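Undergrad: Got structure.cif for you, mmCIF, C-alpha atoms:
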data_structure
#
loop_
_atom_site.label_atom_id
_atom_site.label_comp_id
_atom_site.auth_asym_id
_atom_site.auth_seq_id
_atom_site.Cartn_x
_atom_site.Cartn_y
_atom_site.Cartn_z
CA MET O 1186 -89.82 37.35 -40.71
CA MET O 1187 -90.94 37.84 -37.15
CA GLU O 1188 -94.52 38.94 -36.57
CA TYR O 1189 -94.95 41.80 -34.13
CA TRP O 1190 -98.12 43.30 -32.66
CA ARG O 1191 -96.21 46.59 -32.68
CA THR O 1192 -93.00 47.02 -34.60
CA PRO O 1193 -90.22 48.00 -32.17
CA PHE O 1194 -88.43 51.27 -32.95
CA ASP O 1195 -85.09 49.50 -33.21
CA ALA O 1196 -86.35 46.53 -35.24
CA GLN O 1197 -84.07 47.44 -38.12
CA THR O 1198 -80.93 47.47 -36.02
CA ILE O 1199 -81.54 44.22 -34.11
CA GLN O 1200 -79.96 41.22 -35.72
CA VAL O 1201 -82.01 38.08 -35.13
CA SER O 1202 -79.71 35.14 -34.55
CA GLN O 1203 -80.08 32.01 -36.59
CA GLY O 1204 -79.54 28.46 -35.46
CA ILE O 1205 -79.12 24.96 -36.76
CA VAL O 1206 -81.06 22.26 -34.91
CA HIS O 1207 -79.26 18.98 -34.28
CA ILE O 1208 -81.25 15.92 -33.26
CA ILE O 1209 -79.79 12.72 -31.82
CA GLU O 1210 -82.65 10.55 -33.00
CA ASP O 1211 -81.88 7.38 -31.06
CA ARG O 1212 -82.08 9.20 -27.73
CA CYS O 1213 -85.59 10.55 -28.40
CA LYS O 1214 -88.59 9.04 -26.56
CA GLY O 1215 -91.19 10.99 -28.51
CA CYS O 1216 -92.64 13.14 -25.69
CA GLY O 1217 -93.23 15.99 -28.15
CA TYR O 1218 -92.25 18.80 -25.73
CA CYS O 1219 -89.85 20.39 -28.22
CA ILE O 1220 -92.50 20.30 -30.96
CA GLU O 1221 -95.23 21.79 -28.77
CA PHE O 1222 -93.15 24.53 -27.17
CA CYS O 1223 -90.94 25.66 -30.08
CA PRO O 1224 -91.77 29.39 -30.26
CA LYS O 1225 -91.34 29.35 -34.05
CA HIS O 1226 -93.23 26.06 -34.57
CA ILE O 1227 -90.60 24.68 -36.91
CA LEU O 1228 -90.54 21.10 -35.54
CA ALA O 1229 -92.88 18.16 -36.20
CA PHE O 1230 -92.93 14.41 -35.58
CA SER O 1231 -91.17 12.63 -38.42
CA PRO O 1232 -92.79 9.53 -39.91
CA ARG O 1233 -89.54 7.61 -39.28
CA PHE O 1234 -88.99 5.30 -36.31
CA ASN O 1235 -85.83 5.39 -34.24
CA LYS O 1236 -84.04 2.42 -32.71
CA LYS O 1237 -86.46 2.29 -29.76
CA GLY O 1238 -89.58 2.61 -31.92
CA TYR O 1239 -90.41 6.25 -31.23
CA HIS O 1240 -91.00 8.99 -33.81
CA PRO O 1241 -88.23 11.58 -33.33
CA PRO O 1242 -88.85 15.22 -34.30
CA GLU O 1243 -87.69 16.69 -37.58
CA VAL O 1244 -87.08 20.26 -38.62
CA LEU O 1245 -89.69 21.51 -41.10
CA GLN O 1246 -88.26 24.97 -41.77
CA PRO O 1247 -84.53 25.03 -41.07
CA ASP O 1248 -84.38 28.78 -41.77
CA GLY O 1249 -86.95 29.51 -39.06
CA CYS O 1250 -84.73 28.61 -36.08
CA VAL O 1251 -83.72 31.70 -34.06
CA ASN O 1252 -81.37 29.72 -31.80
CA CYS O 1253 -83.40 30.31 -28.62
CA HIS O 1254 -82.30 26.88 -27.23
CA TYR O 1255 -85.76 26.19 -25.76
CA CYS O 1256 -85.97 22.73 -27.39
CA GLU O 1257 -82.52 22.00 -25.98
CA ILE O 1258 -83.39 22.93 -22.40
CA ILE O 1259 -86.85 21.35 -22.28
CA CYS O 1260 -85.72 18.04 -23.80
CA PRO O 1261 -85.55 15.45 -20.98
CA GLU O 1262 -83.40 13.15 -23.12
CA PHE O 1263 -80.39 15.32 -24.18
CA ALA O 1264 -81.55 14.55 -27.72
CA ILE O 1265 -81.95 17.96 -29.38
CA TYR O 1266 -79.86 21.13 -29.38
CA SER O 1267 -79.24 24.14 -31.53
CA VAL O 1268 -76.00 25.78 -32.57
CA GLU O 1269 -75.69 29.38 -33.71
CA VAL O 1270 -74.98 30.05 -37.37
CA PRO O 1271 -72.12 32.54 -37.57
CA THR O 1272 -73.31 35.63 -39.41
CA ALA O 1273 -71.09 37.95 -41.36
CA PRO O 1274 -70.46 41.24 -39.49
CA GLY O 1275 -72.89 43.93 -40.62
CA GLY O 1276 -74.81 41.38 -42.68
CA MET D 305 -66.39 3.52 -52.75
CA SER D 306 -63.82 5.39 -50.72
CA GLN D 307 -65.32 8.67 -51.87
CA ALA D 308 -68.75 7.60 -50.63
CA ILE D 309 -67.32 6.77 -47.21
CA ALA D 310 -65.47 10.06 -47.05
CA ARG D 311 -68.65 11.93 -47.94
CA LYS D 312 -70.55 10.11 -45.21
CA GLU D 313 -67.95 10.71 -42.54
CA ALA D 314 -67.13 14.32 -43.22
CA PRO D 315 -70.43 15.84 -41.99
CA LEU D 316 -70.41 13.55 -38.93
CA GLN D 317 -67.17 15.09 -37.73
CA GLN D 318 -68.56 18.58 -38.09
CA VAL D 319 -71.62 17.98 -35.90
CA PRO D 320 -70.86 19.55 -32.53
CA ASP D 321 -71.64 17.65 -29.34
CA HIS D 322 -74.61 18.35 -27.12
CA PRO D 323 -73.63 21.26 -24.83
CA LEU D 324 -73.99 19.05 -21.73
CA GLU D 325 -72.24 16.04 -23.26
CA ASP D 326 -69.19 16.54 -21.04
CA LEU D 327 -71.31 16.31 -17.88
CA ILE D 328 -73.40 13.23 -18.66
CA ARG D 329 -72.35 9.60 -18.90
CA SER D 330 -73.42 9.25 -22.53
CA ASP D 331 -72.93 5.48 -22.49
CA ARG D 332 -75.88 5.22 -20.08
CA ILE D 333 -78.20 7.43 -22.15
CA PRO D 334 -81.10 6.91 -22.98
CA HIS D 335 -81.89 6.94 -19.28
CA ILE D 336 -84.62 4.94 -17.53
CA TRP D 337 -87.08 7.83 -17.14
CA CYS D 338 -90.39 7.40 -18.99
CA PRO D 339 -91.37 9.41 -22.07
CA GLY D 340 -92.65 12.78 -20.85
CA CYS D 341 -91.12 12.46 -17.37
CA GLY D 342 -89.98 15.77 -15.90
CA ILE D 343 -86.88 14.46 -14.15
CA GLY D 344 -84.71 14.60 -17.28
CA THR D 345 -85.48 18.29 -17.79
CA ALA D 346 -84.81 19.19 -14.15
CA PHE D 347 -81.59 17.15 -14.28
CA ALA D 348 -80.45 18.94 -17.43
CA ALA D 349 -81.25 22.30 -15.80
CA THR D 350 -79.15 21.30 -12.78
CA LEU D 351 -76.20 20.39 -15.01
CA ALA D 352 -76.55 23.62 -16.99
CA ALA D 353 -76.63 25.61 -13.74
CA MET D 354 -73.55 23.78 -12.43
CA LYS D 355 -71.72 24.70 -15.61
CA ALA D 356 -72.92 28.30 -15.60
CA SER D 357 -72.11 28.88 -11.91
CA GLY D 358 -68.41 28.86 -12.77
CA GLN D 359 -67.60 26.67 -9.78
CA ASP D 360 -64.86 24.09 -9.90
CA LEU D 361 -66.64 21.00 -11.21
CA SER D 362 -63.87 18.71 -10.00
CA SER D 363 -64.93 19.60 -6.45
CA THR D 364 -68.65 19.46 -7.12
CA CYS D 365 -70.58 16.33 -6.35
CA MET D 366 -74.12 15.10 -6.64
CA VAL D 367 -75.88 12.99 -4.04
CA SER D 368 -79.23 11.32 -4.55
CA GLY D 369 -81.39 8.85 -2.73
CA ILE D 370 -83.70 6.12 -3.96
CA GLY D 371 -86.48 6.48 -6.49
CA CYS D 372 -86.72 7.59 -10.09
CA SER D 373 -85.00 10.90 -9.31
CA GLY D 374 -82.36 9.02 -7.36
CA ARG D 375 -81.02 7.63 -10.61
CA ALA D 376 -79.66 11.08 -11.46
CA ALA D 377 -76.43 10.44 -9.56
CA GLY D 378 -75.67 7.60 -11.96
CA TYR D 379 -75.96 9.75 -15.06
CA VAL D 380 -73.71 12.64 -14.05
CA LYS D 381 -70.03 12.54 -14.98
CA LEU D 382 -68.89 14.04 -11.68
CA ASP D 383 -68.22 12.45 -8.33
CA SER D 384 -71.63 11.23 -7.28
CA PHE D 385 -73.25 9.18 -4.61
CA HIS D 386 -76.37 7.00 -4.92
CA THR D 387 -77.28 6.51 -1.28
CA THR D 388 -79.75 4.48 0.76
CA HIS D 389 -83.43 5.36 0.83
CA GLY D 390 -84.17 8.75 2.35
CA ARG D 391 -80.57 9.26 3.43
CA ALA D 392 -79.31 11.52 0.65
CA ILE D 393 -79.07 14.50 3.02
CA PRO D 394 -77.18 12.66 5.81
CA PHE D 395 -74.62 11.38 3.26
CA ALA D 396 -74.34 14.89 1.78
CA THR D 397 -73.93 16.37 5.27
CA GLY D 398 -71.07 13.95 5.88
CA LEU D 399 -69.40 14.93 2.61
CA LYS D 400 -69.72 18.63 3.39
CA LEU D 401 -68.49 18.36 6.99
CA GLY D 402 -65.62 16.08 5.97
CA ASN D 403 -64.47 18.43 3.22
CA PRO D 404 -66.11 21.87 3.46
CA ARG D 405 -64.51 22.93 0.15
CA LEU D 406 -66.82 20.61 -1.80
CA ASN D 407 -69.98 21.94 -3.46
CA VAL D 408 -72.60 19.34 -2.63
CA VAL D 409 -75.80 19.15 -4.65
CA VAL D 410 -78.57 16.82 -3.48
CA PHE D 411 -80.93 15.80 -6.28
CA SER D 412 -83.77 13.56 -5.23
CA GLY D 413 -87.51 13.06 -5.26
CA ASP D 414 -90.32 14.09 -2.97
CA GLY D 415 -90.79 10.58 -1.56
CA ASP D 416 -87.12 10.20 -0.73
CA LEU D 417 -86.58 13.68 0.71
CA PHE D 418 -89.90 14.26 2.48
CA ALA D 419 -91.46 10.91 3.34
CA ILE D 420 -88.73 8.53 4.47
CA GLY D 421 -86.12 11.28 4.67
CA GLY D 422 -88.35 14.04 6.07
CA ASN D 423 -86.65 14.11 9.42
CA HIS D 424 -83.21 14.49 7.86
CA PHE D 425 -84.45 17.35 5.71
CA ILE D 426 -85.79 19.44 8.58
CA HIS D 427 -82.67 18.94 10.67
CA ALA D 428 -80.32 19.84 7.81
CA ALA D 429 -82.37 23.01 7.27
CA ARG D 430 -82.32 23.77 10.99
CA ARG D 431 -78.53 23.37 11.16
CA ASN D 432 -78.18 25.43 7.96
CA ILE D 433 -75.68 23.06 6.38
CA PRO D 434 -74.43 24.58 3.09
CA LEU D 435 -76.10 22.16 0.65
CA THR D 436 -78.14 22.73 -2.50
CA VAL D 437 -81.19 20.48 -2.29
CA ILE D 438 -83.22 20.04 -5.48
CA CYS D 439 -86.45 18.12 -5.00
CA LEU D 440 -88.27 16.86 -8.08
CA ASN D 441 -91.89 16.73 -6.95
CA ASN D 442 -94.02 14.48 -9.15
CA LEU D 443 -96.81 14.12 -6.57
CA ASN D 444 -96.60 10.34 -6.06
CA TYR D 445 -94.27 7.37 -5.59
CA GLY D 446 -93.49 6.84 -9.26
CA MET D 447 -90.92 4.04 -9.20
CA THR D 448 -92.93 1.65 -7.02
CA GLY D 449 -96.11 1.94 -9.07
CA GLY D 450 -97.81 5.22 -8.25
CA GLN D 451 -98.82 4.96 -4.59
CA VAL D 452 -100.03 7.94 -2.58
CA ALA D 453 -97.18 10.11 -1.27
CA ALA D 454 -96.86 12.87 1.30
CA THR D 455 -97.18 15.39 -1.54
CA THR D 456 -100.17 13.91 -3.40
CA PRO D 457 -102.86 16.61 -3.70
CA TYR D 458 -106.20 16.25 -1.93
CA LEU D 459 -108.62 14.00 -3.89
CA ALA D 460 -105.99 12.92 -6.45
CA ARG D 461 -106.27 9.27 -7.54
CA THR D 462 -103.35 6.90 -7.04
CA THR D 463 -102.97 3.11 -6.85
CA THR D 464 -103.61 3.13 -3.11
CA THR D 465 -106.29 5.86 -3.15
CA PRO D 466 -108.59 4.76 -6.00
CA ALA D 467 -111.43 6.95 -4.71
CA GLY D 468 -109.20 9.99 -4.22
CA ASN D 469 -106.61 11.02 -1.66
CA THR D 470 -108.29 12.00 1.61
CA GLU D 471 -105.15 13.48 3.19
CA ALA D 472 -103.78 17.00 2.91
CA PRO D 473 -100.40 17.24 1.15
CA PHE D 474 -97.18 18.77 2.46
CA ASN D 475 -96.47 22.37 1.55
CA LEU D 476 -92.75 21.87 0.92
CA PRO D 477 -91.56 25.53 0.79
CA LEU D 478 -93.46 26.24 4.04
CA LEU D 479 -91.76 23.26 5.67
CA ALA D 480 -88.32 24.40 4.46
CA TRP D 481 -88.99 27.98 5.61
CA ALA D 482 -90.21 26.88 9.03
CA ALA D 483 -87.19 24.62 9.51
CA GLY D 484 -84.86 27.55 8.78
CA ALA D 485 -83.61 27.13 5.20
CA SER D 486 -81.71 30.18 3.89
CA PHE D 487 -82.97 29.89 0.32
CA VAL D 488 -86.35 28.49 -0.75
CA ALA D 489 -87.83 28.48 -4.26
CA ARG D 490 -90.29 26.61 -6.42
CA TRP D 491 -90.41 26.26 -10.23
CA THR D 492 -91.83 23.81 -12.74
CA ILE D 493 -90.03 22.06 -15.58
CA LEU D 494 -91.69 24.50 -17.97
CA HIS D 495 -89.97 27.50 -16.32
CA ILE D 496 -86.53 26.18 -17.18
CA ARG D 497 -84.68 29.45 -17.60
CA GLU D 498 -85.88 30.70 -14.22
CA LEU D 499 -85.13 27.30 -12.72
CA THR D 500 -81.58 27.23 -14.12
CA ASP D 501 -80.85 30.75 -12.85
CA CYS D 502 -82.33 29.83 -9.50
CA ILE D 503 -80.21 26.65 -9.14
CA GLN D 504 -77.15 28.68 -10.06
CA LYS D 505 -78.00 31.23 -7.37
CA ALA D 506 -78.64 28.45 -4.86
CA MET D 507 -75.28 26.82 -5.61
CA LEU D 508 -73.48 30.08 -4.85
CA LYS D 509 -75.48 30.56 -1.63
CA ASN D 510 -73.62 29.89 1.60
CA GLY D 511 -76.36 28.08 3.49
CA PHE D 512 -79.10 25.50 3.10
CA ALA D 513 -80.81 26.11 -0.25
CA PHE D 514 -83.97 24.25 -1.22
CA ILE D 515 -85.62 24.26 -4.65
CA GLU D 516 -88.82 22.38 -5.37
CA VAL D 517 -89.32 21.48 -9.04
CA LEU D 518 -92.76 20.36 -10.17
CA GLY D 519 -92.56 17.74 -12.91
CA PRO D 520 -95.10 15.44 -14.54
CA CYS D 521 -95.23 11.69 -13.92
CA PRO D 522 -97.31 10.71 -16.94
CA ILE D 523 -97.28 6.96 -16.45
CA ASN D 524 -98.22 6.62 -12.81
CA TYR D 525 -99.80 9.91 -11.73
CA GLY D 526 -101.02 11.40 -15.02
CA ARG D 527 -102.68 8.25 -16.29
CA ARG D 528 -104.82 7.87 -13.15
CA ASN D 529 -105.74 11.55 -13.06
CA LYS D 530 -106.53 11.94 -16.75
CA GLU D 531 -103.55 14.15 -17.52
CA LYS D 532 -101.46 13.57 -20.61
CA PRO D 533 -97.90 14.96 -20.25
CA LEU D 534 -98.66 17.91 -22.52
CA GLN D 535 -101.82 18.64 -20.51
CA THR D 536 -99.74 18.75 -17.34
CA LEU D 537 -97.39 21.25 -18.96
CA LYS D 538 -100.42 23.31 -20.06
CA LEU D 539 -101.52 23.32 -16.41
CA TYR D 540 -98.06 24.60 -15.47
CA GLN D 541 -98.45 27.31 -18.10
CA GLU D 542 -101.99 28.41 -17.27
CA GLN D 543 -102.50 27.61 -13.59
CA THR D 544 -99.30 29.05 -12.13
CA ILE D 545 -98.39 32.55 -11.09
CA ILE D 546 -94.92 33.89 -10.29
CA ARG D 547 -94.84 35.77 -7.01
CA ASN D 548 -91.39 36.22 -5.49
CA GLN D 549 -91.20 36.67 -1.70
CA ALA D 550 -94.72 35.26 -1.34
CA ASP D 551 -95.98 34.24 2.09
CA PRO D 552 -94.90 30.56 2.49
CA SER D 553 -98.30 29.61 3.93
CA ASP D 554 -99.98 30.51 0.60
CA LEU D 555 -98.05 27.92 -1.38
CA GLU D 556 -100.42 24.94 -1.37
CA ILE D 557 -100.39 22.96 -4.62
CA ASP D 558 -103.96 23.06 -5.89
CA PHE D 559 -104.24 23.33 -9.66
CA SER D 560 -107.91 24.34 -9.45
CA LYS D 561 -106.54 27.62 -8.06
CA LYS D 562 -103.26 29.25 -9.06
CA VAL D 563 -100.07 27.57 -7.89
CA VAL D 564 -97.49 30.13 -6.75
CA LEU D 565 -93.94 29.87 -8.13
CA GLY D 566 -90.91 31.99 -7.43
CA GLU D 567 -88.08 32.60 -4.98
CA PHE D 568 -89.64 32.85 -1.55
CA VAL D 569 -86.76 33.08 0.91
CA ASP D 570 -83.23 34.39 0.45
CA LYS D 571 -81.67 35.30 3.78
CA GLU D 572 -78.30 35.18 5.48
CA ARG D 573 -77.84 33.00 8.54
CA SER D 574 -74.61 31.61 9.97
CA THR D 575 -74.03 28.06 8.84
CA CYS D 576 -73.41 24.97 10.88
CA ILE D 577 -69.74 24.88 9.80
CA GLU D 578 -69.11 28.55 10.70
CA ASN D 579 -70.69 28.09 14.12
CA TYR D 580 -68.71 24.93 14.76
CA ASP D 581 -65.43 26.59 13.80
CA LYS D 582 -66.19 29.58 16.03
CA THR D 583 -67.03 27.42 19.04
CA CYS D 584 -64.86 24.32 18.82
CA ARG D 585 -61.84 25.16 16.64
CA LEU D 586 -60.22 27.73 18.90
CA LEU D 587 -57.00 28.45 17.04
#
Would you mind writing the file out in structure tokens?
TA:
Amino acid sequence: MMEYWRTPFDAQTIQVSQGIVHIIEDRCKGCGYCIEFCPKHILAFSPRFNKKGYHPPEVLQPDGCVNCHYCEIICPEFAIYSVEVPTAPGG
Amino acid sequence: MSQAIARKEAPLQQVPDHPLEDLIRSDRIPHIWCPGCGIGTAFAATLAAMKASGQDLSSTCMVSGIGCSGRAAGYVKLDSFHTTHGRAIPFATGLKLGNPRLNVVVFSGDGDLFAIGGNHFIHAARRNIPLTVICLNNLNYGMTGGQVAATTPYLARTTTTPAGNTEAPFNLPLLAWAAGASFVARWTILHIRELTDCIQKAMLKNGFAFIEVLGPCPINYGRRNKEKPLQTLKLYQEQTIIRNQADPSDLEIDFSKKVVLGEFVDKERSTCIENYDKTCRLL
């Protein structure tokens, strides 16, 4: 759940979107921008190496992604992006 | 055996492409820019803005000069032009005058646009040629090994100023404003949403639009000034302040004080093409 310093009045009616993070590992150069600036802190360096010898990011909590696309727009390598999970109406 | 292959292939087909995949030449990715370089982010923001502006991408083209940022023209899957050093704006001017229906975006670096190409920049701004000029300012000459540039801050260390830069840097938005640009803005690669909206606005502007984007150069500038790429982004987060319509003379880049970001100028002025048509094409 989101943490608020003051619960908004309409918190119950707002539906928080959910996303799936896709990573093209061989494009990554390991700058770590997506990991540092993910507002939900759900990414981390993976212990794996990619083709170029960098550690690409991996998703630690797949359910935590709110599909804000920040990792996608800050990535200088076109290597990470998120796609919205379709939610059932009223769900 | 065949089941195993089918299981492996099925999820691959379901993975959607990167949203900008149709605008980049994927066969050339990964690009040459260093890990942590800001050019890739600014380039992606430009492509996202091009897409979001709703303009006809078959009549949109990108022109860049020489330098790290100059490589951008080679990665975009649109008509693009990698020109001679400093001459991105003259080539773009030619494109625009030859076919005024084109949307011409110039994407280049501070060395290309303001050192060797400085004269072309001020005259394009004076004539108010309808171009969108995006300048990635990484505060040094990155591609040639990190020499001092016209934008290097006072006392910053570079290869050619090991004791610190003794010269005062250019204030790029002030220069653009003074030369008569119709749209002037500055963002960093951390303020991507603002930057993307701003590029989109600039592309729809009928007149000379200039956007300065601050981006880190971790290998050549950061290393000599004790800034890791993430530290540079923290500087962008903590030492910047957004002030739209700020006085252009207050826009010096000095990270010991606050660096001002925002949209500084947005005015209407008749363009070079309109004036030419009025005067010389008497139909």
Undergrad: With the cut-off set at 12 Å and counting all atoms listed in the file, tabulate each residue of chain O with an atom at most that distance from an atom of chain D, showing the nearest atom pair and its distance in Å to one decimal, ordered by chain and increasing number, as a tab-separated table.
TA:
residue	atom	partner	partner_atom	distance
O:Ile1205	CA	D:Val319	CA	10.3
O:Val1206	CA	D:Val319	CA	10.4
O:His1207	CA	D:Val319	CA	7.9
O:Ile1208	CA	D:His322	CA	9.4
O:Ile1209	CA	D:His322	CA	9.0
O:Glu1210	CA	D:Pro334	CA	10.8
O:Asp1211	CA	D:Pro334	CA	8.1
O:Arg1212	CA	D:Pro334	CA	5.4
O:Cys1213	CA	D:Pro334	CA	7.9
O:Lys1214	CA	D:Pro339	CA	5.3
O:Gly1215	CA	D:Pro339	CA	6.6
O:Cys1216	CA	D:Gly340	CA	4.9
O:Gly1217	CA	D:Gly340	CA	8.0
O:Tyr1218	CA	D:Leu534	CA	7.2
O:Cys1219	CA	D:Leu534	CA	10.8
O:Ile1220	CA	D:Leu534	CA	10.7
O:Glu1221	CA	D:Leu534	CA	8.1
O:Phe1222	CA	D:Leu494	CA	9.3
O:Lys1236	CA	D:Pro334	CA	11.1
O:Lys1237	CA	D:Pro334	CA	9.8
O:Tyr1239	CA	D:Pro339	CA	9.7
O:His1240	CA	D:Pro339	CA	11.8
O:Pro1241	CA	D:Pro339	CA	11.9
O:Cys1253	CA	D:Arg497	CA	11.1
O:His1254	CA	D:Arg497	CA	10.2
O:Tyr1255	CA	D:Ile496	CA	8.6
O:Cys1256	CA	D:Thr345	CA	10.6
O:Glu1257	CA	D:His322	CA	8.8
O:Ile1258	CA	D:Thr345	CA	6.9
O:Ile1259	CA	D:Thr345	CA	5.6
O:Cys1260	CA	D:Thr345	CA	6.0
O:Pro1261	CA	D:Gly344	CA	3.9
O:Glu1262	CA	D:Gly344	CA	6.2
O:Phe1263	CA	D:His322	CA	7.2
O:Ala1264	CA	D:His322	CA	7.9
O:Ile1265	CA	D:His322	CA	7.7
O:Tyr1266	CA	D:His322	CA	6.4
O:Ser1267	CA	D:His322	CA	8.6
O:Val1268	CA	D:Pro320	CA	8.1
O:Glu1269	CA	D:Pro320	CA	11.0
Undergrad: Suppose you want the space between CA of Thr464 in chain D and CA of Ala377 in chain D; what is it in Å?
TA: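 About the pair CA of Thr464 in chain D and CA of Ala377 in chain D: they are 28.9 Å apart.
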Undergrad: Grab the CA of Leu351 in chain D to CA of Trp491 in chain D distance for me, in Å with one decimal place.
TA: 16.1 Å
Undergrad: Give me the residues near range 421-430 of chain D as a compact mmCIF listing (two decimals) with C-alpha atoms, in the frame of the given file, where near means some atom within 6 Å (using all atoms listed in the file) and where sequence neighbours in that chain fewer than 6 positions away do not count.
TA:
# COMPACT_ATOMS: atom_id res chain seq x y z
CA GLY D 390 -84.17 8.75 2.35
CA ALA D 483 -87.19 24.62 9.51
CA GLY D 484 -84.86 27.55 8.78
CA ALA D 485 -83.61 27.13 5.20
CA PHE D 512 -79.10 25.50 3.10
Undergrad: One decimal, Å: what's the distance from CA of Pro1242 in chain O over to CA of Ile523 in chain D, could you say?
TA: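 Taking CA of Pro1242 in chain O and CA of Ile523 in chain D, their separation equals 21.4 Å.
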Undergrad: Could you expand the PyMOL selection byres ((chain O and resi 1225) around 9) into the explicit residues it covers here, written as number ranges by chain?
TA: O: 1222-1224, 1226-1228, 1249-1251
Undergrad: Which residue out of D:Ser412, D:Asn579, D:Thr455, D:Ser574 has the minimum interatomic distance to Tyr525 in chain D when only C-alpha atoms are used?
TA: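 Comparing D:Ser412, D:Asn579, D:Thr455, D:Ser574 against Tyr525 in chain D, the winner is D:Thr455.
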Undergrad: Could you list the residues chosen by the PyMOL selection byres ((chain O and resi 1245) around 7) in this structure as a tab-separated table (two decimals) with C-alpha atoms, in the frame of the given file?
TA:
chain	number	residue	atom	x	y	z
O	1227	ILE	CA	-90.60	24.68	-36.91
O	1228	LEU	CA	-90.54	21.10	-35.54
O	1229	ALA	CA	-92.88	18.16	-36.20
O	1243	GLU	CA	-87.69	16.69	-37.58
O	1244	VAL	CA	-87.08	20.26	-38.62
O	1246	GLN	CA	-88.26	24.97	-41.77
O	1247	PRO	CA	-84.53	25.03	-41.07
